[in-house]
Amino acid sequence: MQETTSQNSAPFTVRHAVIDLLRQLGMTRIFGNPGSTELPLFRDYPEDFSYVLGLQEAVVVGMADGYAQATRRASFVNLHSAAGVGHAMANIFTAFKNRTPMVITAGQQARSILQFDPFLHSNQAAELPKPYVKWSCEPARAEDVPQALARAYYIAMQEPRGPVLVSIPADDWDHPAEPIAVREVGFESRPDPRVLDLIGAALDGARAPALVVGAAVDRGDAWDAVVALAERHQARVYVAPMSGRCSFPEDHPLFAGFLPAMRERIVQLLGGHDVVCAVGAATFTYHVEGQGPHIPEGSALYQLIEDPAIAAWAPVGTAAIGNIRLGVQELLARPAPAQRAAPALRVAAPRAQPPEAGQRMSVAWAMQTLAEVRDPRSIIVEEAPSSRSTIQAYLPIFHSGTFYTMCSGGLGHSMPAGVGVA
């Protein structure tokens, strides 16, 4: 049997393997609020790593969410056993809805005392965050931890992206382990060409097409391609309900406004369009119960979405599943259709008036003033859902990667997310 140590060298441990793996993946910034069961990871902390400490676990996950969205890379989060994961669950739920790639580790008590239901023990640790993680596990052996984290990373980054969790017992970190070689894994898939051809033909032959854009457009780096697609077809562009990103310039002549999360209003606003194509958006997210059809009578719905689960529950329409940017680029590669007349311009909101002396300013006036003085490329991280319709009317967003909010509706996300974005 080969010795793992010598007189001149220390053993290569789980901790060494994990630090090496994170370095290879470029995940050298760790967000966390550690407890006693996580501390062995941070022994002899490498100088090329940084640590972002939060005072509460939901805050930690919110920061990591913003960081991952802004960098378009997976973030690494370290939480404390059952209580820490429990505290973090609201923003884990939001990260799942945001499709944010995030590798979460949670401490566990030492394996040697798990049978005694010890203090700080997380019972069924891999089950605790479900269903709001893409994958979770507690490795069967200490030496399996590095490989489990590699697998977690690949799953987190695979579209549709999202958070994953690995529970790690405190005494695993000092066990001998083998280093992990990072593999080349593709994270994007091309949509079915046959279904894309159906979508392309429908847009080419439409009388009055409309696009409905969602967060996956900006998330998937498809902003420019979607602008080109709208201009090619002279299609009005609406924003899907509850979208957490800006996916189309709101000063563009084709921009038509925001759809509310109400079935009847969506049908009303899309009336007159014979072809509706949802790009990177669910069709449709509702917040209140509704009645009647999901799309206007006489119109046809098409969808390009990276998430097969969303395509499965969509009540109507034809769906292509795959990467948004790749799908739109293939639609743009088709021969150009006959030129259409541009649709009528959207009617802008009336200017907000300043407050009378001694009176409170309105949300509309505050947002209008902010819009006038801010750099158009400055970043807005928003958490004011009760004022969102007013914000949408008076604080337009013009550029990719300059607007973030939660797709979940869960409060407590955007303030720490702003730290992560920054």
# chains A, B, ... in the order shown; residues from 1 in each chain; ligands from 1
>>> residues_around(residues="stretch 401-406 of chain A", least_positions_apart="2", cutoff="9 Å", atoms="only C-alpha atoms", output="PyMOL selection string")
chain A and resi 66+69-70+94-95+97-98+218-219+242-247+376-383+397-399+408-411+413-414+417-418+421
>>> select_by_dssp(residues="stretch 185-395 of chain A", states="alpha helix (DSSP H)", output="MDAnalysis selection string")
chainID A and resid 193:205 215:219 223:233 263:269 308:313 324:332 363:373 388:394
>>> residues_around(residues="A:Asp171", least_positions_apart="6", cutoff="12 Å", atoms="only C-alpha atoms", output="VMD selection string")
chain A and resid 13 to 15 36 to 41 107 to 114 141 to 143 145
>>> residues_around(residues="A:Lys134", least_positions_apart="4", cutoff="8 Å", atoms="only C-alpha atoms", output="PDB file with C-alpha atoms, in the first residue's frame")
ATOM      1  CA  PHE A  96     -33.286  29.231  -7.571  1.00  0.00           C
ATOM      2  CA  ILE A 155     -24.597  21.108 -12.299  1.00  0.00           C
ATOM      3  CA  ALA A 156     -24.877  24.693 -11.021  1.00  0.00           C
ATOM      4  CA  GLY A 162     -29.127  27.440 -10.165  1.00  0.00           C
ATOM      5  CA  PRO A 163     -27.883  26.780  -6.627  1.00  0.00           C
ATOM      6  CA  VAL A 164     -26.583  23.410  -5.383  1.00  0.00           C
TER       7      VAL A 164
END
>>> atom_distance(atom1="atom CA of A:Pro308", atom2="atom CA of A:Leu196")
15.1 Å
>>> atom_distance(atom1="atom CA of A:Tyr302", atom2="atom CA of A:Cys277")
4.6 Å
>>> select_by_dssp(residues="stretch 151-350 of chain A", states="strand (DSSP E)", output="PyMOL selection string")
chain A and resi 163-169+209-213+236-239+255-258+275-279+300-305+318-321
>>> write_last_selection(atoms="N, CA, C and O atoms", output="compact mmCIF listing (two decimals), in the first residue's frame")
# COMPACT_ATOMS: atom_id res chain seq x y z
N PRO A 163 -28.69 27.15 -7.79
CA PRO A 163 -27.88 26.78 -6.63
C PRO A 163 -27.85 25.27 -6.40
O PRO A 163 -28.78 24.54 -6.77
N VAL A 164 -26.77 24.81 -5.80
CA VAL A 164 -26.58 23.41 -5.38
C VAL A 164 -26.01 23.42 -3.97
O VAL A 164 -25.50 24.44 -3.52
N LEU A 165 -26.10 22.30 -3.27
CA LEU A 165 -25.61 22.27 -1.89
C LEU A 165 -24.88 20.95 -1.62
O LEU A 165 -25.35 19.88 -2.01
N VAL A 166 -23.74 21.06 -0.93
CA VAL A 166 -22.99 19.90 -0.46
C VAL A 166 -22.79 20.04 1.04
O VAL A 166 -22.23 21.04 1.50
N SER A 167 -23.27 19.06 1.80
CA SER A 167 -23.08 19.03 3.26
C SER A 167 -21.78 18.30 3.57
O SER A 167 -21.55 17.19 3.07
N ILE A 168 -20.93 18.93 4.40
CA ILE A 168 -19.58 18.39 4.64
C ILE A 168 -19.34 18.25 6.14
O ILE A 168 -19.26 19.26 6.86
N PRO A 169 -19.20 17.03 6.65
CA PRO A 169 -18.89 16.84 8.07
C PRO A 169 -17.56 17.49 8.45
O PRO A 169 -16.60 17.54 7.65
N PRO A 209 -46.17 40.85 -35.35
CA PRO A 209 -45.54 40.02 -34.31
C PRO A 209 -45.20 40.81 -33.05
O PRO A 209 -45.02 42.03 -33.09
N ALA A 210 -45.11 40.08 -31.95
CA ALA A 210 -44.67 40.66 -30.68
C ALA A 210 -43.67 39.72 -30.04
O ALA A 210 -43.79 38.49 -30.14
N LEU A 211 -42.67 40.28 -29.40
CA LEU A 211 -41.75 39.52 -28.56
C LEU A 211 -42.06 39.83 -27.10
O LEU A 211 -42.37 40.98 -26.75
N VAL A 212 -41.98 38.81 -26.26
CA VAL A 212 -42.07 38.98 -24.81
C VAL A 212 -40.75 38.50 -24.23
O VAL A 212 -40.42 37.32 -24.34
N VAL A 213 -39.97 39.41 -23.67
CA VAL A 213 -38.63 39.07 -23.21
C VAL A 213 -38.61 38.88 -21.70
O VAL A 213 -39.32 39.56 -20.96
N ARG A 236 -43.13 44.57 -31.78
CA ARG A 236 -43.22 45.22 -30.48
C ARG A 236 -42.61 44.30 -29.43
O ARG A 236 -42.78 43.07 -29.49
N VAL A 237 -41.96 44.87 -28.42
CA VAL A 237 -41.28 44.07 -27.39
C VAL A 237 -41.85 44.42 -26.02
O VAL A 237 -41.79 45.57 -25.58
N TYR A 238 -42.41 43.41 -25.38
CA TYR A 238 -42.96 43.54 -24.03
C TYR A 238 -42.05 42.80 -23.05
O TYR A 238 -41.40 41.82 -23.41
N VAL A 239 -42.04 43.25 -21.80
CA VAL A 239 -41.29 42.57 -20.74
C VAL A 239 -42.23 41.61 -20.02
O VAL A 239 -43.35 41.99 -19.64
N PHE A 255 -39.93 49.24 -28.01
CA PHE A 255 -40.27 48.84 -26.65
C PHE A 255 -41.73 49.20 -26.37
O PHE A 255 -42.17 50.32 -26.59
N ALA A 256 -42.49 48.21 -25.87
CA ALA A 256 -43.94 48.38 -25.70
C ALA A 256 -44.38 48.37 -24.24
O ALA A 256 -45.57 48.54 -23.97
N GLY A 257 -43.46 48.13 -23.29
CA GLY A 257 -43.83 48.19 -21.89
C GLY A 257 -43.83 46.85 -21.20
O GLY A 257 -43.28 45.86 -21.71
N PHE A 258 -44.45 46.80 -20.03
CA PHE A 258 -44.36 45.67 -19.12
C PHE A 258 -45.72 44.96 -19.01
O PHE A 258 -46.76 45.61 -18.88
N VAL A 275 -48.85 36.78 -33.84
CA VAL A 275 -47.79 35.88 -33.39
C VAL A 275 -47.11 36.51 -32.18
O VAL A 275 -46.67 37.67 -32.23
N VAL A 276 -47.06 35.77 -31.09
CA VAL A 276 -46.38 36.20 -29.87
C VAL A 276 -45.25 35.21 -29.61
O VAL A 276 -45.48 34.00 -29.53
N CYS A 277 -44.02 35.73 -29.51
CA CYS A 277 -42.86 34.87 -29.26
C CYS A 277 -42.22 35.27 -27.94
O CYS A 277 -41.70 36.38 -27.80
N ALA A 278 -42.28 34.38 -26.97
CA ALA A 278 -41.66 34.61 -25.66
C ALA A 278 -40.21 34.15 -25.72
O ALA A 278 -39.94 32.99 -26.04
N VAL A 279 -39.29 35.04 -25.44
CA VAL A 279 -37.86 34.76 -25.55
C VAL A 279 -37.23 34.88 -24.16
O VAL A 279 -37.20 35.97 -23.58
N ALA A 300 -51.03 33.11 -32.11
CA ALA A 300 -50.27 31.87 -31.86
C ALA A 300 -49.08 32.20 -30.99
O ALA A 300 -48.43 33.25 -31.16
N LEU A 301 -48.78 31.32 -30.05
CA LEU A 301 -47.70 31.55 -29.10
C LEU A 301 -46.53 30.62 -29.39
O LEU A 301 -46.71 29.41 -29.59
N TYR A 302 -45.33 31.19 -29.36
CA TYR A 302 -44.09 30.43 -29.52
C TYR A 302 -43.15 30.84 -28.38
O TYR A 302 -43.21 31.96 -27.88
N GLN A 303 -42.28 29.91 -28.00
CA GLN A 303 -41.43 30.15 -26.84
C GLN A 303 -40.03 29.61 -27.10
O GLN A 303 -39.86 28.50 -27.63
N LEU A 304 -39.02 30.39 -26.71
CA LEU A 304 -37.62 29.94 -26.68
C LEU A 304 -37.15 30.09 -25.25
O LEU A 304 -37.08 31.21 -24.73
N ILE A 305 -36.86 28.96 -24.59
CA ILE A 305 -36.56 28.98 -23.16
C ILE A 305 -35.48 27.97 -22.85
O ILE A 305 -35.42 26.91 -23.49
N THR A 318 -45.94 26.53 -28.88
CA THR A 318 -44.83 25.70 -29.35
C THR A 318 -43.56 26.19 -28.67
O THR A 318 -43.30 27.40 -28.65
N ALA A 319 -42.76 25.27 -28.13
CA ALA A 319 -41.58 25.67 -27.36
C ALA A 319 -40.31 25.02 -27.89
O ALA A 319 -40.28 23.82 -28.14
N ALA A 320 -39.28 25.84 -28.05
CA ALA A 320 -37.92 25.36 -28.31
C ALA A 320 -37.12 25.51 -27.03
O ALA A 320 -37.18 26.55 -26.37
N ILE A 321 -36.37 24.47 -26.67
CA ILE A 321 -35.64 24.45 -25.41
C ILE A 321 -34.14 24.50 -25.69
O ILE A 321 -33.62 23.66 -26.44
>>> closest_residue(among="A:Thr71, A:Gln339, A:Ser136, A:Ser299", to="A:His273", atoms="only C-alpha atoms")
A:Ser299
>>> residues_around(residues="A:Thr390", least_positions_apart="5", cutoff="9 Å", atoms="only C-alpha atoms", output="JSON, numbers by chain")
{"A": [363, 364, 367, 395]}
>>> residues_around(residues="A:Ala333", least_positions_apart="4", cutoff="12 Å", atoms="only C-alpha atoms", output="count of residues only")
13
>>> closest_residue(among="A:Phe31, A:Tyr153, A:Trp173, A:Tyr51", to="A:Val185", atoms="only C-alpha atoms")
A:Tyr153
>>> closest_residue(among="A:Val373, A:Met89, A:Pro315, A:Pro416", to="A:Val60", atoms="only C-alpha atoms")
A:Pro416
